[in-house]
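Engineer: One structure, pasted below without further comment.
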Amino acid sequence: MKVMLREIMSFLPGKMAEGMKLLDEMITLANKKYGPIPNMKKYTPWLGGGNAMHTVVIEMEWDSFAQMAEFFEKSYADPEMMQTMPQWEAIEERHQEELYMVMP
């Protein structure tokens, strides 16, 4: 069963550029170490939701919950990936994750 993880990240005022740089660095590192993150898309709100000046939405579609879990288990155990956590705390205002089942 396919699943889609949606992450909504809101950055502190003045920290959007720093947040996007850190996000791109983490995605590059993850892709290099664990293979490409499948069907990943980044958005920013335009109308009707969120603060477009400070918010980015990321969607990743995985072939199974097990595939997604394996990716995150590896990345959360990786010291290089975990080194970035203090940086996130200094720039991120809010982080929300939603998990969806992809309908046929």
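Identifiers for the structure tokens are assigned positionally: chains receive A, B, ... in sequence, residues are indexed from 1 per chain, and ligands are indexed from 1 in the order shown.
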I'd like the neighbourhood of segment 97-100 of chain A as a list of chain:residue names, where a residue qualifies if any of its atoms comes within 7 Å (using only C-alpha atoms), though same-chain residues fewer than 5 positions away should be ignored.
Structural biologist: A:Val3, A:Met4, A:Leu5, A:Arg6, A:Glu7, A:Ile8
Engineer: Using only C-alpha atoms, determine which residues lie at most 12 Å from Gly35 of chain A, disregarding the query and same-chain residues fewer than 2 positions distant; provide the list as an mmCIF file with N, CA, C and O atoms, in the first residue's frame.
Structural biologist:
data_model
loop_
_atom_site.group_PDB
_atom_site.id
_atom_site.type_symbol
_atom_site.label_atom_id
_atom_site.label_comp_id
_atom_site.auth_asym_id
_atom_site.auth_seq_id
_atom_site.Cartn_x
_atom_site.Cartn_y
_atom_site.Cartn_z
ATOM 1 N N ILE A 27 18.389 16.954 2.184
ATOM 2 C CA ILE A 27 17.838 16.126 1.107
ATOM 3 C C ILE A 27 18.981 15.561 0.264
ATOM 4 O O ILE A 27 18.980 14.377 -0.073
ATOM 5 N N THR A 28 19.958 16.382 -0.055
ATOM 6 C CA THR A 28 21.116 15.928 -0.832
ATOM 7 C C THR A 28 21.865 14.827 -0.087
ATOM 8 O O THR A 28 22.219 13.795 -0.670
ATOM 9 N N LEU A 29 22.085 15.017 1.203
ATOM 10 C CA LEU A 29 22.777 14.019 2.016
ATOM 11 C C LEU A 29 21.979 12.717 2.086
ATOM 12 O O LEU A 29 22.525 11.634 1.904
ATOM 13 N N ALA A 30 20.676 12.821 2.312
ATOM 14 C CA ALA A 30 19.824 11.627 2.392
ATOM 15 C C ALA A 30 19.810 10.877 1.064
ATOM 16 O O ALA A 30 19.922 9.644 1.040
ATOM 17 N N ASN A 31 19.681 11.604 -0.034
ATOM 18 C CA ASN A 31 19.672 10.962 -1.351
ATOM 19 C C ASN A 31 20.994 10.248 -1.627
ATOM 20 O O ASN A 31 21.012 9.171 -2.217
ATOM 21 N N LYS A 32 22.095 10.858 -1.195
ATOM 22 C CA LYS A 32 23.419 10.279 -1.407
ATOM 23 C C LYS A 32 23.599 9.000 -0.574
ATOM 24 O O LYS A 32 24.106 8.002 -1.063
ATOM 25 N N LYS A 33 23.140 9.032 0.667
ATOM 26 C CA LYS A 33 23.371 7.911 1.578
ATOM 27 C C LYS A 33 22.354 6.779 1.440
ATOM 28 O O LYS A 33 22.698 5.623 1.622
ATOM 29 N N ILE A 37 14.895 10.015 -2.503
ATOM 30 C CA ILE A 37 13.597 10.065 -1.830
ATOM 31 C C ILE A 37 12.545 10.043 -2.936
ATOM 32 O O ILE A 37 12.568 10.888 -3.834
ATOM 33 N N PRO A 38 11.629 9.074 -2.885
ATOM 34 C CA PRO A 38 10.698 8.911 -4.012
ATOM 35 C C PRO A 38 9.636 10.008 -4.102
ATOM 36 O O PRO A 38 9.098 10.442 -3.099
ATOM 37 N N GLN A 67 8.880 0.753 3.479
ATOM 38 C CA GLN A 67 9.946 1.465 2.772
ATOM 39 C C GLN A 67 10.210 2.818 3.437
ATOM 40 O O GLN A 67 11.363 3.202 3.651
ATOM 41 N N GLU A 70 11.878 2.290 6.930
ATOM 42 C CA GLU A 70 13.283 1.909 6.794
ATOM 43 C C GLU A 70 14.151 3.132 6.510
ATOM 44 O O GLU A 70 15.226 3.300 7.087
ATOM 45 N N PHE A 71 13.689 3.997 5.618
ATOM 46 C CA PHE A 71 14.428 5.221 5.299
ATOM 47 C C PHE A 71 14.632 6.071 6.547
ATOM 48 O O PHE A 71 15.743 6.523 6.837
ATOM 49 N N LYS A 74 17.025 4.581 9.248
ATOM 50 C CA LYS A 74 18.427 4.783 8.884
ATOM 51 C C LYS A 74 18.848 6.234 9.112
ATOM 52 O O LYS A 74 19.908 6.503 9.673
ATOM 53 N N SER A 75 18.026 7.169 8.676
ATOM 54 C CA SER A 75 18.420 8.571 8.789
ATOM 55 C C SER A 75 18.448 9.032 10.248
ATOM 56 O O SER A 75 19.318 9.810 10.635
#
Engineer: Which is closest to Thr55 of chain A among A:Ala90, A:Met103, A:Met20, A:Met1, if we use only C-alpha atoms?
Structural biologist: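 Comparing A:Ala90, A:Met103, A:Met20, A:Met1 against Thr55 of chain A, the winner is A:Met20.
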Engineer: Write out as a PyMOL selection string which residues come within 8 Å of Lys2 of chain A when counting only C-alpha atoms, dropping same-chain ones fewer than 2 positions away.
Structural biologist: chain A and resi 4+61-65+101-102
Engineer: Go through A:Ala69, A:Leu22, A:Pro45, A:Leu12 one by one, measure the shortest atom-to-atom distance of each to Glu93 of chain A using only C-alpha atoms, and give the residue with the smallest value.
Structural biologist: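 Ranked by minimum distance to Glu93 of chain A, first place goes to A:Leu12.
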